[in-house]
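Enquirer: Would you mind keeping the following structure in view while I ask a few things?
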Amino acid sequence: MLKKKRTYYGALVFLILNLIVFKSESQHTATEGKLDLSSLNFKDQKSVQLNGVWEFYPSKFYQPSDFKKGLEEIPKFVSIPSLWDNALFPDSKKPNIGFGTYRLEIKIPDNIHIFALRLKRIETSYKIWINDKQIIEVGKIGKNIKTAVPQQKTITKIFSTDKTDLDLIIQVSNFKHRKGGIANSIILGPAEQIIKETKKSRGYEIFIIGVLIIMAVFHFGLYIVRKKDWSLLFFSLLLITEIISMSTNGETLFTYYFPNTNWLILKRTDYISNFARVTFFALFFFHLYKPIINKYFVLILSGINILLTLFVLFTDLHTFSFTLFIFIILSALTLVYVLFAQFKVLFEKKEGALVPLIGTLVLLITAVNDMLYVSGLFNSIYLVPVGLFVFIFSQSYSLSFNFSKLYKHEEELNNLISDIEDLKNNLLNNKSFDIYNSFEILCQNMNADRAILFTLNDKNETEFKANFPKEEFSKYQEQYPQSILFRTIEHKETVIINKTSTSSHYNKDYLKKYHANSSLTVPFKVSDQIKAIAYFETNDKKYSFTKHSGKVLEGIATQVIGLINSSDLFIETENIKKNLEKIIEARTKDVTNQKNLLEKQKNEIEAVNNQLTNTLEEIQTKNTIITENIESAGLIQDALLPDNKYLYSLFEDIFILFRPKEIVSGDFYQVNEVRTNTGEKNIIFTLADCTGHGVPGVLISLIGNDLIKNIVINRKIYKPSDILNQIQKDITEKLTQSEETKKIRDGMDMALINYNPANYMLEYAGAKIDLLILRNNKITEIKADRLSISANRHEKLKTRNFKNYKIQLKKGDVLYMATDGYQDQFGGENDTKFMKKNFKALFEEIGNLQFIIQRSRLLKTLNKWQGKNIQNDDITVIGIKI
């Protein structure tokens, strides 16, 4: 790590030193418009800044020919670089607005004939002559705002001369910027050297912009992968705005590649990118240090920058250029506030806080330098690229550090989940209901030498359930460290002690006897209530319990509680079984005695005949009772069906034609109103046709009704196909528990829909019961799987699952579901089935009628078709209007 840091800072120092080299230092300065470079050795000096005092003629455009003729006007002398002020334009209310001519006479060595000039910012348009020849024109100079056309470029111009005197004349005009004049040093030198410096300078900026682009794309890619981390997005946007800002300043690379760019658009882009930089800078740190940086500070800052952006868009440059001072103030405030947050994070001793702080400090220093430079208050070079370079890498380090921590956390979480699943599987593979066997598996997985399991009752009193090893509990049941147990109950959290010898929970006698090295006490909670507690010990000096061990056990809390309850139920069942065996044994003796008694009374035929007569009467009475019970069952079945008023409250309209073949029916329907994870209301409607009719049918229907309620209400399974698959699984478990129940061939057909009234979205799955949708007088059939729900499916069909359909409904659509009783009813002239084709045609015929009339027509058609025939099967037809 130390080696990496040294490499990083070494590269940074190298970059700074190379950038500082661009600032050419010269001991030669102009005096009263003259500069003598004749003795300068350009091999050593390389280039020279034409700084010093130049001639200046305000409000005049003079050409070389004017100077040859001789001017009577006495020039003013002005320092270069500098901006215009009242001394130059004393009669003007806006001394920064106007035009004028600069002149400098230069003596050069006679051994160099090809030179180059390098110019950056001259506000806002200019024209340059050297020895009677015009060599540069940027924009269009003019004497008023109408004729002057501003432009911004960084220029490197090569020219040749055979003379040893250079007459440098620059005409400048500015009517749109708040700063006029020559704001940067003009550099003169041999063409080869100036071109090298230009390429080097542009190369550095292109390099930095390239790095910024790569970093921006990289962090945006990270944001796409992890959209919860908004700091990645705003860091990427910060880099993009910095790229824009760098392209419009310094070497003005934007105009290098797009030379015809409108000057005002360039300036507006520059200013807007400044406001965006501050905004994204603040938003980035807000999401990075959310608990520390105030949300309202960021909101107010963002609002101000939006207003400033609009101001820049709808005003002229001379007006909006004053927003630069607001930008400087906002930037300073934001930087100071962010530094405060970073210092606070550093003082809280959070990992990875130092490097981002250093990066921000470097950015602050370079930003202050550039603000003073841009404002004309300080002659320097652009250092923000360097500061930004440091800042980007420091923040990238911070983000990488955070991602590393996140990855490590996810890795630990994956290991935890894997260990939990392995432990669950080990417990599930244990077929024994004995809690001691299950607890032994836990102890082996935890590498425990001793352990105890307790349950906790409503009074917070512990009850012993199991121990490991089983035979040892009687030896130390009163000696285990109970204070750890009380601490776990009080704080509801896992307690790990890795040095028992230094813990107050253990006394010397206990440690001497059991040699405990490390202990783990875990509460098993359900809905934040402790239901059981496990205490583990290990004697191994090389092994200690970890937080991971505790989390694994906490992750199987539900399974442990379930195992305890199953064990209690098993013990209770075994006791009942023993009692039943005693009762059967007693009954067997009674039957034997009865047999002996009957043998003695075999001659009493008359008494037996009387007894048979009484028995016949008893059978008739029981038959009456059974019939009454079945009628009661029919009433109970009716009570289990949804109330009509409730159904009308759920749908636009609904009708139900429900006609059992006998007193009780194998058909049933059910509705459940549920809330999804997003809070939306869904309606789950089920229509089922159980195998057979009468009592067998109603018994299967009761099982089906109960299974659906349990799956939807308790297990919260809402997807229709998942519900059907779960019903198939549950009914198989219920009806194949013994060799006798495996003979049951009964099952059910079913149609199940999940309807969202908010967006008219319908999900459907079916087991042999199709869904019909009437739209625009046309029936669309959604076919169900040709597969019933049954405990005894064919071997090839056991693994087959039901399909799920998603259908976008429209207001006014009508849904029809029906069991096969209607279409399979025999009747008509030829005593045939009504058939599905006629059934669908009937819906298309009556689909536009009111539901009460539709039900009446269905019933009338059925009665007419059936005639004198008996009803074949239970009949249920349901219509729902959307």
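Numbering starts fresh at 1 for the residues of each chain in the structure tokens, the chains themselves are lettered A, B, ... in the order given, and ligands are numbered from 1 as they appear.
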Residues at most 12 Å from Glu493 (chain A), counting only C-alpha atoms, excluding those fewer than 3 positions away in the same chain, as an mmCIF file with C-alpha atoms, in the first residue's frame?
Expert:
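Output saved as result.cif:
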data_model
loop_
_atom_site.group_PDB
_atom_site.id
_atom_site.type_symbol
_atom_site.label_atom_id
_atom_site.label_comp_id
_atom_site.auth_asym_id
_atom_site.auth_seq_id
_atom_site.Cartn_x
_atom_site.Cartn_y
_atom_site.Cartn_z
ATOM 1 C CA ILE A 484 -24.633 -14.986 29.833
ATOM 2 C CA LEU A 485 -28.139 -16.315 29.291
ATOM 3 C CA PHE A 486 -29.669 -13.376 31.193
ATOM 4 C CA ARG A 487 -27.541 -10.900 29.199
ATOM 5 C CA THR A 488 -28.705 -12.464 25.918
ATOM 6 C CA ILE A 489 -32.362 -12.238 27.002
ATOM 7 C CA GLU A 490 -31.970 -8.628 28.138
ATOM 8 C CA ILE A 496 -19.530 -14.224 21.947
ATOM 9 C CA LEU A 520 -21.407 -18.549 21.866
ATOM 10 C CA THR A 521 -24.923 -17.726 23.092
ATOM 11 C CA VAL A 522 -27.539 -17.194 20.373
ATOM 12 C CA PRO A 523 -31.169 -16.037 20.731
ATOM 13 C CA PHE A 524 -33.603 -17.568 18.237
ATOM 14 C CA LYS A 525 -36.129 -14.830 17.522
ATOM 15 C CA ASP A 528 -38.252 -9.863 17.394
ATOM 16 C CA GLN A 529 -39.423 -12.089 20.251
ATOM 17 C CA ILE A 530 -36.974 -14.615 21.720
ATOM 18 C CA ILE A 533 -31.696 -19.748 23.301
ATOM 19 C CA ALA A 534 -28.701 -21.968 22.535
ATOM 20 C CA LYS A 547 -19.782 -13.266 14.489
ATOM 21 C CA GLY A 550 -23.716 -16.326 15.389
ATOM 22 C CA LYS A 551 -25.288 -14.955 12.188
ATOM 23 C CA LEU A 553 -27.467 -19.648 13.749
ATOM 24 C CA GLU A 554 -29.628 -16.504 13.781
#
Enquirer: Can you check which residues of region 614-852 of chain A DSSP gives as strand (DSSP E or B) on the backbone and send them as number ranges by chain?
Expert: A: 653-659, 667-675, 681-690, 747-756, 761-768, 771-775, 778-782, 785, 789-790, 805-808, 814-818, 826-827, 832-833
Enquirer: Fewer than 3 positions away in the same chain doesn't count, so skip those; otherwise give me all residues within 12 Å of Arg268 (chain A), counting only C-alpha atoms, as a ChimeraX atom specification.
Expert: /A:244-245,248,261-265,271-275,308-321,323-324
Enquirer: Please identify which residues in region 299-378 of chain A DSSP calls alpha helix (DSSP H) from the backbone, and express them as a VMD selection string.
Expert: chain A and resid 299 to 313 317 to 320 323 to 347 354 to 374
Enquirer: Please list as an mmCIF file with all heavy atoms, in the first residue's frame every residue within 9 Å of Ser231 (chain A), counting only C-alpha atoms and excluding residues in the same chain fewer than 4 positions away.
Expert:
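Wrote it out as result25.cif, contents follow:
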data_model
loop_
_atom_site.group_PDB
_atom_site.id
_atom_site.type_symbol
_atom_site.label_atom_id
_atom_site.label_comp_id
_atom_site.auth_asym_id
_atom_site.auth_seq_id
_atom_site.Cartn_x
_atom_site.Cartn_y
_atom_site.Cartn_z
ATOM 1 N N TYR A 223 -22.429 3.205 -11.953
ATOM 2 C CA TYR A 223 -23.777 3.632 -11.537
ATOM 3 C C TYR A 223 -24.854 2.775 -12.200
ATOM 4 O O TYR A 223 -25.844 2.410 -11.553
ATOM 5 C CB TYR A 223 -23.996 5.103 -11.895
ATOM 6 C CG TYR A 223 -25.437 5.531 -11.766
ATOM 7 C CD1 TYR A 223 -26.021 5.685 -10.505
ATOM 8 C CD2 TYR A 223 -26.216 5.746 -12.890
ATOM 9 C CE1 TYR A 223 -27.352 6.053 -10.392
ATOM 10 C CE2 TYR A 223 -27.541 6.113 -12.789
ATOM 11 C CZ TYR A 223 -28.110 6.261 -11.537
ATOM 12 O OH TYR A 223 -29.424 6.614 -11.415
ATOM 13 N N PHE A 235 -20.632 12.022 -9.634
ATOM 14 C CA PHE A 235 -19.197 12.120 -9.881
ATOM 15 C C PHE A 235 -18.925 12.075 -11.388
ATOM 16 O O PHE A 235 -18.098 12.823 -11.910
ATOM 17 C CB PHE A 235 -18.463 10.982 -9.179
ATOM 18 C CG PHE A 235 -16.963 11.135 -9.192
ATOM 19 C CD1 PHE A 235 -16.344 12.211 -8.573
ATOM 20 C CD2 PHE A 235 -16.174 10.205 -9.834
ATOM 21 C CE1 PHE A 235 -14.974 12.352 -8.587
ATOM 22 C CE2 PHE A 235 -14.795 10.335 -9.858
ATOM 23 C CZ PHE A 235 -14.202 11.415 -9.226
ATOM 24 N N SER A 236 -19.648 11.214 -12.085
ATOM 25 C CA SER A 236 -19.524 11.136 -13.542
ATOM 26 C C SER A 236 -19.944 12.445 -14.195
ATOM 27 O O SER A 236 -19.258 12.956 -15.090
ATOM 28 C CB SER A 236 -20.384 9.980 -14.067
ATOM 29 O OG SER A 236 -20.338 9.930 -15.468
ATOM 30 N N LEU A 283 -23.627 17.713 -4.932
ATOM 31 C CA LEU A 283 -24.480 16.517 -4.929
ATOM 32 C C LEU A 283 -23.646 15.250 -4.736
ATOM 33 O O LEU A 283 -24.075 14.308 -4.052
ATOM 34 C CB LEU A 283 -25.259 16.439 -6.238
ATOM 35 C CG LEU A 283 -26.419 17.434 -6.376
ATOM 36 C CD1 LEU A 283 -26.923 17.478 -7.805
ATOM 37 C CD2 LEU A 283 -27.568 17.070 -5.427
ATOM 38 N N PHE A 284 -22.462 15.225 -5.335
ATOM 39 C CA PHE A 284 -21.585 14.058 -5.167
ATOM 40 C C PHE A 284 -21.230 13.851 -3.694
ATOM 41 O O PHE A 284 -21.379 12.753 -3.146
ATOM 42 C CB PHE A 284 -20.325 14.251 -6.015
ATOM 43 C CG PHE A 284 -19.196 13.327 -5.643
ATOM 44 C CD1 PHE A 284 -19.302 11.958 -5.817
ATOM 45 C CD2 PHE A 284 -18.021 13.837 -5.096
ATOM 46 C CE1 PHE A 284 -18.262 11.116 -5.474
ATOM 47 C CE2 PHE A 284 -16.979 12.999 -4.752
ATOM 48 C CZ PHE A 284 -17.105 11.630 -4.942
ATOM 49 N N PHE A 285 -20.787 14.929 -3.040
ATOM 50 C CA PHE A 285 -20.398 14.785 -1.638
ATOM 51 C C PHE A 285 -21.602 14.606 -0.723
ATOM 52 O O PHE A 285 -21.492 13.974 0.330
ATOM 53 C CB PHE A 285 -19.563 15.985 -1.203
ATOM 54 C CG PHE A 285 -18.129 15.890 -1.625
ATOM 55 C CD1 PHE A 285 -17.647 16.626 -2.700
ATOM 56 C CD2 PHE A 285 -17.256 15.033 -0.977
ATOM 57 C CE1 PHE A 285 -16.334 16.525 -3.096
ATOM 58 C CE2 PHE A 285 -15.933 14.930 -1.364
ATOM 59 C CZ PHE A 285 -15.474 15.675 -2.435
ATOM 60 N N PHE A 286 -22.750 15.138 -1.121
ATOM 61 C CA PHE A 286 -23.967 14.934 -0.322
ATOM 62 C C PHE A 286 -24.300 13.445 -0.246
ATOM 63 O O PHE A 286 -24.600 12.913 0.825
ATOM 64 C CB PHE A 286 -25.139 15.699 -0.928
ATOM 65 C CG PHE A 286 -26.469 15.339 -0.321
ATOM 66 C CD1 PHE A 286 -26.783 15.704 0.982
ATOM 67 C CD2 PHE A 286 -27.400 14.616 -1.047
ATOM 68 C CE1 PHE A 286 -28.001 15.363 1.542
ATOM 69 C CE2 PHE A 286 -28.620 14.274 -0.499
ATOM 70 C CZ PHE A 286 -28.916 14.645 0.801
ATOM 71 N N HIS A 287 -24.225 12.770 -1.389
ATOM 72 C CA HIS A 287 -24.542 11.339 -1.397
ATOM 73 C C HIS A 287 -23.402 10.502 -0.830
ATOM 74 O O HIS A 287 -23.623 9.363 -0.414
ATOM 75 C CB HIS A 287 -24.875 10.888 -2.817
ATOM 76 C CG HIS A 287 -26.208 11.365 -3.292
ATOM 77 N ND1 HIS A 287 -27.391 10.773 -2.909
ATOM 78 C CD2 HIS A 287 -26.550 12.411 -4.096
ATOM 79 C CE1 HIS A 287 -28.401 11.405 -3.474
ATOM 80 N NE2 HIS A 287 -27.933 12.408 -4.189
ATOM 81 N N LEU A 288 -22.193 11.072 -0.813
ATOM 82 C CA LEU A 288 -21.064 10.347 -0.236
ATOM 83 C C LEU A 288 -21.062 10.462 1.286
ATOM 84 O O LEU A 288 -20.745 9.507 1.991
ATOM 85 C CB LEU A 288 -19.756 10.904 -0.812
ATOM 86 C CG LEU A 288 -18.522 10.016 -0.737
ATOM 87 C CD1 LEU A 288 -18.733 8.717 -1.496
ATOM 88 C CD2 LEU A 288 -17.309 10.749 -1.287
ATOM 89 N N LEU A 399 -14.078 6.018 -3.773
ATOM 90 C CA LEU A 399 -15.151 5.183 -4.316
ATOM 91 C C LEU A 399 -14.697 3.732 -4.429
ATOM 92 O O LEU A 399 -15.466 2.804 -4.142
ATOM 93 C CB LEU A 399 -15.590 5.720 -5.678
ATOM 94 C CG LEU A 399 -16.304 7.079 -5.666
ATOM 95 C CD1 LEU A 399 -16.500 7.587 -7.076
ATOM 96 C CD2 LEU A 399 -17.638 6.988 -4.939
#
Enquirer: Determine, counting only C-alpha atoms, which protein, DNA and RNA residues have an atom within 12 Å of an atom of region 539-546 of chain A; residues of the same chain fewer than 2 positions away are not included. Present the result as an MDAnalysis selection string.
Expert: chainID A and resid 416 443 445:451 494:501 511:522 535:537 548:553
Enquirer: Which residue out of A:Phe99, A:Phe570, A:Tyr256, A:Phe658 has the minimum interatomic distance to Phe433 (chain A) when only C-alpha atoms are used?
Expert: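 Of A:Phe99, A:Phe570, A:Tyr256, A:Phe658, the one nearest Phe433 (chain A), counting only C-alpha atoms, is A:Phe570.
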Enquirer: Excluding region 292-301 of chain A and any residue of its chain fewer than 4 positions from it, enumerate the residues within 8 Å of it, using only C-alpha atoms, and give them as a count of residues only.
Expert: 10
Enquirer: Counting only C-alpha atoms, which of A:Thr124, A:Asn801, A:Gln559, A:Asn131 gets nearest to Lys68 (chain A)?
Expert: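 Among the listed residues, the smallest separation from Lys68 (chain A) belongs to A:Asn131.
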Enquirer: Excluding Leu383 (chain A) and any residue of its chain fewer than 6 positions from it, enumerate the residues within 8 Å of it, using only C-alpha atoms, and give them as a count of residues only.
Expert: 4
Enquirer: Measuring atom to atom with only C-alpha atoms, identify which of A:Lys200, A:Lys881, A:Lys408, A:Lys734 is nearest to Leu650 (chain A).
Expert: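 That would be A:Lys881, the residue with the smallest distance to Leu650 (chain A).
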Enquirer: Quick one: of A:Lys179, A:Lys798, A:Lys350, A:His28, who's nearest to Asp85 (chain A), counting only C-alpha atoms?
Expert: A:Lys179
Enquirer: Restricting the calculation to only C-alpha atoms, which member of A:Asn184, A:Lys290, A:Leu724, A:Leu339 is positioned closest to Arg800 (chain A)?
Expert: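 Closest to Arg800 (chain A), using only C-alpha atoms: A:Leu724.
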